[in-house]
Amino acid sequence: MLKQRIITALILAPLALAGVFLLPLTGFALFIGLIIMIGAWEWANLSGFERKLPRLLYASAIGALCAASIYMPTNWMLAIAGVWWLVSLMLVKGYPKSKVCLKNRYIRLVMGVLTLVPAWFSLFIMKQMSDASLQIATVLIVVWAADCGAYFAGKRFGRTKLIERVSPKKTLEGLVGGLLLAVLLAAVAIIVGRNGLDRGVLFLLTTIATVLFSVLGDLWESVLKRERGVKDSGSLLPGHGGVMDRIDSLTAAIPIYLLTVVVFRGI
């Protein structure tokens with residue numbers, strides 16, 4: 001399985017990075033939108049809709065909402081994302097008691113809107129920044145580093161379950177390992193970039209917030225999969241499951257990263 005995951009990652013990573021960094025704004029928006037819509041297709045199934053037509057309609061609706069979101073003020077969308085992820089934190093921490101909020105499959109569709117649309121919107125806004133490549137690369141590297149650090153630290157040192165009733169394989173040691181690796185890379189970037197103390201501290205805080213919410217994004221999808229009774233969101237990516245299984249961390253990390261950048265730039 002690990003070999004299959006590595007092969008798939010080696011094929012997909014260059015394609016994803018090329019799409020992120022080489023495409024102009026419109027092409028980038030369509031590229032990311034397609035990924036989000038595939039995620040929405042899988043989300044509809046996680047919500048309890050098995051038939052193709054409802055899933056296709058939901059994916060199309062998510063695409064339309066992403067397009068419409070560009071007319072919303074950035075602060076409003078980021079505030080919605082921030083509140084939503086705090087709500088999802090309570091749902092994850094309160095599981096299985098919180099499952100009463102997940103019984104209605106239409107409510108789960110609304111939760112999918114709150115999970116997917118702000119992620120697309122945040123990337124769209126970041127792509128328009130003067131330092132777009134740096135910002136997008138930073139959030140991706142932070143999340144990937146945390147994921148790798150958590151995987152290997154969890155394998156080697158994992159003893160204490162993080163939230164066993166949600167994700168039995170995740171451990172506190174894995175979380176700490178992922179956080180430490182991400183913070184280490186952030187510290188190296190601060191030193192190499194010769195950033196001042198104030199900017200360095202703010203970047204470290206942004207890194208920590210991004211990592212913690214990336215874990216929340218992963219746990220949140222685990223709650224949905226547990227409710228649906230499935231191991232993966234789909235089977236599109238060999239060794240990785242579905243698209244949602246690959247972007248679940250990013251759906252939370254990206255808007256929270258942008259939120260912290262916007263807030264800290266105002267300080």
# chains A, B, ... in the order shown; residues from 1 in each chain; ligands from 1
call {"tool": "residues_around", "arguments": {"residues": "segment 91-107 of chain A", "least_positions_apart": "4", "cutoff": "12 Å", "atoms": "only C-alpha atoms", "output": "PyMOL selection string"}}
result
chain A and resi 43-50+54+58+84-87+111-114+162-167+215-228
call {"tool": "closest_residue", "arguments": {"among": "A:Leu185, A:Ala119, A:Ala252, A:Phe31", "to": "Ala18 of chain A", "atoms": "only C-alpha atoms"}}
result
A:Phe31
call {"tool": "closest_residue", "arguments": {"among": "A:Thr26, A:Ser249, A:Asn75, A:Ser233", "to": "Phe213 of chain A", "atoms": "only C-alpha atoms"}}
result
A:Ser249
call {"tool": "atom_distance", "arguments": {"atom1": "atom CA of Ala64 of chain A", "atom2": "atom CA of Leu25 of chain A"}}
result
17.2 Å
call {"tool": "closest_residue", "arguments": {"among": "A:Ile191, A:Leu10, A:Ile141, A:Val211", "to": "Leu175 of chain A", "atoms": "only C-alpha atoms"}}
result
A:Val211
call {"tool": "closest_residue", "arguments": {"among": "A:Met244, A:Leu259, A:Leu184, A:Leu202", "to": "Trp41 of chain A", "atoms": "only C-alpha atoms"}}
result
A:Met244
